[in-house]
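Here is the structure we will look at, set down as C-alpha cells.
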Amino acid sequence: MDMLTLSHIAKCFGEKQVLRDVSFSVPEHTVFGFVGKNGAGKTTAMKLILGLLAGDGGEIFVNGIPVHYGNTATNRFVGYLPDVPEFYPYMTPAEYLRFCGEISGMPAKEIKARCEELLCLVGLEKENGRIKGFSRGMKQRLGVAQALFGRPKLLICDEPTSALDPEGRKELLDILVDAKEETTVLFSTHILSDVEHICDEIAFLHDGRIVLQGSLEEVRTIKRAAATELELERSEDAQMIASFFPCLKPISRNSLLLEDAECLPDILRFLADKRIPILRIERREASLEELFMEVVRT
Amino acid sequence: MRAFLKKEWMELCRTGRLLILLLVFALFGIMSPALAKLTPWLMETLSDSLADTGLVTTAVTVDAMTSWAQFYKNIPVGIIIFILISSGSFTTEYQKGTWIPVVTKGLSRRTIVLAKALMIFAVWTALYLLCFGITYGYNAYFWDNGIAEHLFFAAVLTWLFGVWVIAFLVFFSVISRSGTQVLLGVGGVAVGVYLLSLFPKLSTFLPVKLIDGMSLLQGGNYPVDYYVSIAAAGLMIFLCMILAVVFFDKKRL
C-alpha cells in the first residue's frame, strides 16, 4: 500500500510557479529520497503534504486520507523534521519531548519510556540544559527525536543532514534506515551520496516537475548505460589506440573512456595482439551526480 | 489542551514575564493606599514652600475614596503594561516557527488558540485580583471601605474592560505577523473607541464606560447605567474570539 500519494500537485507564490505538476507515490516501509536543487520546491511540496500551505491544484493522500489545509487531521500519522527546527528555548530536551507526547495524547508511562529511548537514540540523554544553548546540530538531533516520538506512519525530513558534521550525518542516516522497520521515510536532500547510501526509491524534482523517478537501480539504468574506463601504462599507447578506435575518448594522458560496450571485445583483442601493458580496465557506473547534472541541464 | 496550558505556564514563569507582571501589579496595588496615606504628609512638607509662593494649604483629609481614586487611575497603566508584555505571545511563535512541530503532531489549531487566550485571560484575572486585593486590604486597615458604593460591581467592570482589551489582543495576534502590528491594532481600537465615547450619546454603548468605576463608588452612577456597555463588551469579546478561531484555522504558520 502507498503511504503517501501526490497527484498533479501545483503551487504558485504570486507570479512564481513553484510546483507545476508533481505526482509520485511512496510505498510503505521504504526510504524515499526527494532530490532537487536548492529552491526546486522540495520544502514547498513537504509543507503541502503537512497541510501548512494551501495547494493550487491536485490532491494529496496520507495513509489513504486526503490532506486538507489548516486543521490537518492526517498529521496524526506524520512525524516532521523541519529544515531548521525551532523549539521552545526555555525547555530542556526531555521536557520538550514530554510536551510532544502530551499533545499527542500518549499515556504518561509510555511518554517516560519513549523519552528515554529517543534521547538515547539521538545521543542527547546527558543534556540536561535548556534548548536555548543548543547548537544547530543538537537541535537537529532533538528534531529527529520529536519527529519519531509518536511512532508516525510517515516520517518527513527536510534536508535532515545538511547541518550535521560527518559523524552526525552518518548517525542520522543510520537512524533513518532503522526507522524504516516501523515507518515510511520521505526525505529531501541535495546531498546525493546520502541518497545512494539509504534510499530505496528516489524522485528528482526540477523546474516544478518530477523529471526522474524509480528505484535507485531503475533510475541508474534509465538514464545511461555503464561506461568502461581503460588505463594504460604508457601515454603513447593510449594515443595510438585512440587513433585506431574512434569510439574511445581520451579522459587523461593515459586513460580512455568507452561508452559503447559493443567495441570492447575488438579493443581487448587488439591490446592482446599488440601486447600493450594495461594498468586497469574498469566498468564505471553512472553516478547520481552525473545523472542529476544531466537531468538538470535538459 | 492541558499540555498546551502547561507549556504556556512554563513559558510565563521561565521567561520572567510572570515575575515582571506580578511585581507591577503588586506595586500598583500598594501604591494607591500608600499615595493616599502620604498625601497629608506631602502637603505638610510642601506647605512652607508653597506658602512662599502665596499658596495656602489647609489640612487634607484622606479616606478610602482617595485610595480608590488612585487605584482607578493606575489600572489603565497596568492594562497597557500587560498588553505590551503579552503582545509577542503569538507572534514570536510565528516568527520562530515553534508552532510547526506542534501543529504537525496533529494538535488542533483551535486548541492552540483557545489555550493561549485562556492563559492570558487567567493571568489577567489573577493579577487584577492581586492588585485589587492589596488595595482593598490596606484600605480596610487604614480607613473604611464602607464609604464606597458598589465597590465590587465597579471592580468587576474594570476587570471586564481588561478582558475586552485582551480579546482584541488575541484577535490581532492571530491576524498579525509581528508584535508591533498587534500593538498598533489594539492601540488603534482603544483610541478609536475612546474618541467615539467623547460623544455623550455614544458613550453609554461603549466599553470605555466600564473603566469609569469612580462614578459608581461616589454614587454618581448606578449599576443599571452600565448594562448596555457590559452587553456591548460581551458581544465584542465573543466576536473577537470567534474571528480569532476562524482566522487561525486558515493562518499560514
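Labels used: A, B, ... for chains in the order of the C-alpha cells, numbers from 1 for residues in each chain, and numbers from 1 for ligands as shown.
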
Exercise answer, chain B residues close to chain A, 9 Å and only C-alpha atoms, as a PyMOL selection string: chain B and resi 1-4+6-7+10-11+14-15+93+96-110+248-253

Writer output for current selection, N, CA and C atoms, as a CSV table (one decimal), in the first residue's frame:
chain,number,residue,atom,x,y,z
B,1,MET,N,-5.2,20.1,25.4
B,1,MET,CA,-5.4,21.4,26.0
B,1,MET,C,-4.6,21.6,27.2
B,2,ARG,N,-4.6,20.6,28.1
B,2,ARG,CA,-3.9,20.7,29.4
B,2,ARG,C,-2.4,20.8,29.1
B,3,ALA,N,-1.9,20.0,28.2
B,3,ALA,CA,-0.5,20.0,27.9
B,3,ALA,C,-0.1,21.4,27.4
B,4,PHE,N,-0.9,22.0,26.6
B,4,PHE,CA,-0.6,23.3,26.0
B,4,PHE,C,-0.6,24.4,27.1
B,6,LYS,N,0.0,23.9,30.2
B,6,LYS,CA,1.2,23.7,31.0
B,6,LYS,C,2.4,24.3,30.4
B,7,LYS,N,2.5,24.2,29.0
B,7,LYS,CA,3.6,24.8,28.3
B,7,LYS,C,3.5,26.3,28.4
B,10,MET,N,4.7,27.3,31.8
B,10,MET,CA,6.2,27.2,31.9
B,10,MET,C,6.8,28.4,31.2
B,11,GLU,N,6.3,28.8,30.1
B,11,GLU,CA,6.8,29.9,29.3
B,11,GLU,C,6.7,31.2,30.1
B,14,ARG,N,9.3,30.9,33.1
B,14,ARG,CA,10.7,30.8,32.8
B,14,ARG,C,11.2,32.0,32.0
B,15,THR,N,10.4,32.7,31.3
B,15,THR,CA,10.9,33.8,30.5
B,15,THR,C,10.8,35.1,31.4
B,93,GLU,N,5.9,33.0,18.2
B,93,GLU,CA,5.8,31.6,17.7
B,93,GLU,C,5.7,31.6,16.2
B,96,LYS,N,9.4,32.4,15.0
B,96,LYS,CA,10.4,31.4,15.2
B,96,LYS,C,10.0,30.1,14.6
B,97,GLY,N,8.8,29.9,14.3
B,97,GLY,CA,8.4,28.6,13.7
B,97,GLY,C,8.2,27.5,14.7
B,98,THR,N,8.0,27.9,16.0
B,98,THR,CA,7.9,26.9,17.1
B,98,THR,C,6.5,26.2,17.0
B,99,TRP,N,5.6,26.7,16.2
B,99,TRP,CA,4.3,26.0,16.2
B,99,TRP,C,4.3,24.9,15.1
B,100,ILE,N,5.3,24.9,14.3
B,100,ILE,CA,5.3,23.9,13.2
B,100,ILE,C,5.3,22.5,13.8
B,101,PRO,N,6.3,22.2,14.7
B,101,PRO,CA,6.2,20.8,15.2
B,101,PRO,C,4.9,20.5,16.0
B,102,VAL,N,4.3,21.5,16.6
B,102,VAL,CA,3.1,21.3,17.4
B,102,VAL,C,2.0,20.9,16.5
B,103,VAL,N,1.8,21.8,15.4
B,103,VAL,CA,0.7,21.6,14.5
B,103,VAL,C,0.8,20.3,13.7
B,104,THR,N,2.1,20.0,13.3
B,104,THR,CA,2.3,18.8,12.6
B,104,THR,C,2.2,17.5,13.4
B,105,LYS,N,2.0,17.7,14.7
B,105,LYS,CA,1.7,16.5,15.5
B,105,LYS,C,0.2,16.2,15.6
B,106,GLY,N,-0.5,17.1,14.9
B,106,GLY,CA,-2.0,16.9,14.9
B,106,GLY,C,-2.7,17.6,16.0
B,107,LEU,N,-2.1,18.5,16.8
B,107,LEU,CA,-2.8,19.2,17.8
B,107,LEU,C,-3.7,20.2,17.0
B,108,SER,N,-5.0,20.3,17.3
B,108,SER,CA,-5.9,21.1,16.6
B,108,SER,C,-5.6,22.6,16.8
B,109,ARG,N,-5.7,23.4,15.8
B,109,ARG,CA,-5.4,24.8,15.9
B,109,ARG,C,-6.3,25.5,16.9
B,110,ARG,N,-7.6,25.0,17.0
B,110,ARG,CA,-8.5,25.6,17.9
B,110,ARG,C,-8.0,25.5,19.3
B,248,PHE,N,-7.4,31.8,12.6
B,248,PHE,CA,-6.3,30.9,13.0
B,248,PHE,C,-6.3,29.6,12.2
B,249,ASP,N,-7.5,29.1,11.9
B,249,ASP,CA,-7.6,27.9,11.2
B,249,ASP,C,-7.0,28.0,9.8
B,250,LYS,N,-7.0,29.2,9.2
B,250,LYS,CA,-6.5,29.4,7.9
B,250,LYS,C,-5.2,30.1,7.8
B,251,LYS,N,-4.6,30.4,9.0
B,251,LYS,CA,-3.4,31.1,9.1
B,251,LYS,C,-2.2,30.3,8.6
B,252,ARG,N,-1.3,31.0,7.8
B,252,ARG,CA,-0.1,30.3,7.4
B,252,ARG,C,0.9,30.4,8.5
B,253,LEU,N,1.3,29.3,9.0
B,253,LEU,CA,2.3,29.3,10.2
B,253,LEU,C,3.7,29.3,9.7

Exercise: A:Lys170 partners within 12 Å, only C-alpha atoms, chain neighbours under 2 positions left out, as a list in words: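 Residues meeting the cut-off are Val122, Pro160, Thr161, Ser162, Leu164, Asp165, Pro166, Glu167, Gly168, Leu172, Leu173, Asp174, Ile175, Leu176, Val177, Ser193, Asp194, His197 and Ile198 of chain A.
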
Could you dump the residues just selected with C-alpha atoms as a PDB file, in the first residue's frame?
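Okay, this is what ended up in again_39.pdb:
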ATOM      1  CA  VAL A 122      19.861  10.685  19.238  1.00  0.00           C
ATOM      2  CA  PRO A 160      17.997  16.437   7.732  1.00  0.00           C
ATOM      3  CA  THR A 161      21.722  16.043   7.187  1.00  0.00           C
ATOM      4  CA  SER A 162      22.701  19.474   5.932  1.00  0.00           C
ATOM      5  CA  LEU A 164      25.488  17.943  10.663  1.00  0.00           C
ATOM      6  CA  ASP A 165      29.150  17.026  10.851  1.00  0.00           C
ATOM      7  CA  PRO A 166      30.224  13.823   9.041  1.00  0.00           C
ATOM      8  CA  GLU A 167      29.817  11.689  12.153  1.00  0.00           C
ATOM      9  CA  GLY A 168      26.409  13.133  12.971  1.00  0.00           C
ATOM     10  CA  LEU A 172      21.339  10.257  11.339  1.00  0.00           C
ATOM     11  CA  LEU A 173      21.305   8.196   8.171  1.00  0.00           C
ATOM     12  CA  ASP A 174      21.556   5.052  10.300  1.00  0.00           C
ATOM     13  CA  ILE A 175      18.593   6.240  12.361  1.00  0.00           C
ATOM     14  CA  LEU A 176      16.554   6.757   9.197  1.00  0.00           C
ATOM     15  CA  VAL A 177      17.423   3.304   7.884  1.00  0.00           C
ATOM     16  CA  SER A 193      25.766  10.398  -1.505  1.00  0.00           C
ATOM     17  CA  ASP A 194      23.134  10.283   1.270  1.00  0.00           C
ATOM     18  CA  HIS A 197      23.501   5.199   0.991  1.00  0.00           C
ATOM     19  CA  ILE A 198      19.988   4.794   2.248  1.00  0.00           C
TER      20      ILE A 198
END

Gap from atom CA of A:Gln17 to atom CA of A:Ala45 - Å, one decimal: 12.4 Å

Close residues, stretch 9-14 of chain A itself excluded, 12 Å, only C-alpha atoms, min 4 positions apart in chain, as a ChimeraX atom specification: /A:5,18-24,41-49,53-61,207-210

Take the residues from that selection and put them in a file with N, CA and C atoms, as a JSON list (two decimals), in the first residue's frame.
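Printed below is again-v8.json as written:
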[["chain", "number", "residue", "atom", "x", "y", "z"],
["A", 5, "THR", "N", 0.59, 9.68, -1.39],
["A", 5, "THR", "CA", 0.37, 9.84, -2.82],
["A", 5, "THR", "C", 0.16, 11.32, -3.13],
["A", 18, "VAL", "N", 5.94, 27.45, -8.46],
["A", 18, "VAL", "CA", 6.99, 26.64, -7.82],
["A", 18, "VAL", "C", 6.82, 25.16, -8.17],
["A", 19, "LEU", "N", 5.59, 24.67, -8.08],
["A", 19, "LEU", "CA", 5.32, 23.28, -8.47],
["A", 19, "LEU", "C", 4.31, 23.30, -9.61],
["A", 20, "ARG", "N", 4.62, 22.57, -10.69],
["A", 20, "ARG", "CA", 3.73, 22.60, -11.85],
["A", 20, "ARG", "C", 2.78, 21.41, -11.87],
["A", 21, "ASP", "N", 3.37, 20.23, -11.83],
["A", 21, "ASP", "CA", 2.55, 19.03, -11.94],
["A", 21, "ASP", "C", 3.34, 17.90, -11.29],
["A", 22, "VAL", "N", 3.25, 17.84, -9.99],
["A", 22, "VAL", "CA", 4.07, 16.87, -9.27],
["A", 22, "VAL", "C", 3.21, 15.68, -8.86],
["A", 23, "SER", "N", 3.59, 14.50, -9.30],
["A", 23, "SER", "CA", 2.89, 13.28, -8.92],
["A", 23, "SER", "C", 3.90, 12.21, -8.55],
["A", 24, "PHE", "N", 3.73, 11.62, -7.40],
["A", 24, "PHE", "CA", 4.51, 10.43, -7.06],
["A", 24, "PHE", "C", 3.88, 9.73, -5.86],
["A", 41, "GLY", "N", 11.72, 23.47, -4.86],
["A", 41, "GLY", "CA", 10.34, 23.33, -4.40],
["A", 41, "GLY", "C", 10.13, 22.15, -3.48],
["A", 42, "LYS", "N", 11.23, 21.60, -2.95],
["A", 42, "LYS", "CA", 11.12, 20.43, -2.08],
["A", 42, "LYS", "C", 10.37, 20.78, -0.79],
["A", 43, "THR", "N", 10.81, 21.88, -0.16],
["A", 43, "THR", "CA", 10.18, 22.27, 1.10],
["A", 43, "THR", "C", 8.71, 22.62, 0.88],
["A", 44, "THR", "N", 8.43, 23.29, -0.24],
["A", 44, "THR", "CA", 7.03, 23.64, -0.55],
["A", 44, "THR", "C", 6.19, 22.37, -0.65],
["A", 45, "ALA", "N", 6.70, 21.38, -1.37],
["A", 45, "ALA", "CA", 5.95, 20.12, -1.52],
["A", 45, "ALA", "C", 5.69, 19.49, -0.16],
["A", 46, "MET", "N", 6.72, 19.52, 0.70],
["A", 46, "MET", "CA", 6.57, 18.91, 2.02],
["A", 46, "MET", "C", 5.55, 19.66, 2.86],
["A", 47, "LYS", "N", 5.57, 20.99, 2.74],
["A", 47, "LYS", "CA", 4.61, 21.77, 3.52],
["A", 47, "LYS", "C", 3.18, 21.53, 3.03],
["A", 48, "LEU", "N", 3.04, 21.25, 1.75],
["A", 48, "LEU", "CA", 1.71, 20.91, 1.22],
["A", 48, "LEU", "C", 1.24, 19.58, 1.81],
["A", 49, "ILE", "N", 2.16, 18.63, 1.91],
["A", 49, "ILE", "CA", 1.81, 17.32, 2.47],
["A", 49, "ILE", "C", 1.37, 17.47, 3.93],
["A", 53, "LEU", "N", 0.59, 24.62, 3.91],
["A", 53, "LEU", "CA", 0.35, 25.54, 2.80],
["A", 53, "LEU", "C", -0.87, 25.04, 2.06],
["A", 54, "ALA", "N", -1.59, 25.96, 1.44],
["A", 54, "ALA", "CA", -2.75, 25.56, 0.63],
["A", 54, "ALA", "C", -2.28, 25.37, -0.81],
["A", 55, "GLY", "N", -2.61, 24.24, -1.42],
["A", 55, "GLY", "CA", -2.19, 23.97, -2.79],
["A", 55, "GLY", "C", -3.08, 24.70, -3.79],
["A", 56, "ASP", "N", -2.58, 24.82, -5.04],
["A", 56, "ASP", "CA", -3.38, 25.45, -6.09],
["A", 56, "ASP", "C", -3.97, 24.42, -7.05],
["A", 57, "GLY", "N", -3.74, 23.16, -6.79],
["A", 57, "GLY", "CA", -4.31, 22.14, -7.67],
["A", 57, "GLY", "C", -3.78, 20.78, -7.27],
["A", 58, "GLY", "N", -4.54, 19.74, -7.60],
["A", 58, "GLY", "CA", -4.09, 18.38, -7.32],
["A", 58, "GLY", "C", -4.55, 17.91, -5.95],
["A", 59, "GLU", "N", -4.21, 16.65, -5.66],
["A", 59, "GLU", "CA", -4.65, 16.07, -4.39],
["A", 59, "GLU", "C", -3.49, 15.33, -3.71],
["A", 60, "ILE", "N", -3.53, 15.33, -2.39],
["A", 60, "ILE", "CA", -2.52, 14.60, -1.63],
["A", 60, "ILE", "C", -3.24, 13.64, -0.68],
["A", 61, "PHE", "N", -2.74, 12.41, -0.60],
["A", 61, "PHE", "CA", -3.31, 11.45, 0.34],
["A", 61, "PHE", "C", -2.21, 10.93, 1.24],
["A", 207, "ASP", "N", 12.48, 22.21, -11.82],
["A", 207, "ASP", "CA", 11.61, 23.11, -12.55],
["A", 207, "ASP", "C", 10.13, 22.83, -12.26],
["A", 208, "GLY", "N", 9.84, 22.46, -11.02],
["A", 208, "GLY", "CA", 8.45, 22.24, -10.64],
["A", 208, "GLY", "C", 7.86, 20.92, -11.09],
["A", 209, "ARG", "N", 8.69, 20.05, -11.66],
["A", 209, "ARG", "CA", 8.17, 18.74, -12.12],
["A", 209, "ARG", "C", 9.06, 17.62, -11.59],
["A", 210, "ILE", "N", 8.48, 16.42, -11.55],
["A", 210, "ILE", "CA", 9.30, 15.24, -11.26],
["A", 210, "ILE", "C", 9.90, 14.80, -12.60]]

Within 8 Å of B:Gly78 using only C-alpha atoms, minus same-chain residues under 6 positions, as a VMD selection string: chain B and resid 24 to 25 28

Residue subset to file, keeping N, CA and C atoms, as a PDB file, in the first residue's frame:
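After the write, selection.pdb holds the following:
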ATOM      1  N   VAL B  24       4.697  44.435  38.957  1.00  0.00           N
ATOM      2  CA  VAL B  24       3.998  45.656  38.537  1.00  0.00           C
ATOM      3  C   VAL B  24       2.630  45.756  39.206  1.00  0.00           C
ATOM      4  N   PHE B  25       1.874  44.651  39.152  1.00  0.00           N
ATOM      5  CA  PHE B  25       0.511  44.723  39.698  1.00  0.00           C
ATOM      6  C   PHE B  25       0.510  44.803  41.226  1.00  0.00           C
ATOM      7  N   PHE B  28       1.317  48.428  41.958  1.00  0.00           N
ATOM      8  CA  PHE B  28       0.140  49.282  41.772  1.00  0.00           C
ATOM      9  C   PHE B  28      -0.851  49.109  42.921  1.00  0.00           C
TER      10      PHE B  28
END

9 Å contact set for B:Ala69, only C-alpha atoms, chain neighbours under 5 positions out, as a list in words: Ser32, Ala64, Asn74, Gly213 and Met214 of chain B

Residue among A:Arg169, A:His190, A:His8, A:Arg280 lying closest to A:Gly33, counting only C-alpha atoms: A:His190

Length of the atom CA of B:Phe205 to atom CA of B:Val228 vector [Å]: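 That distance, rounded to one decimal, is 5.6 Å.
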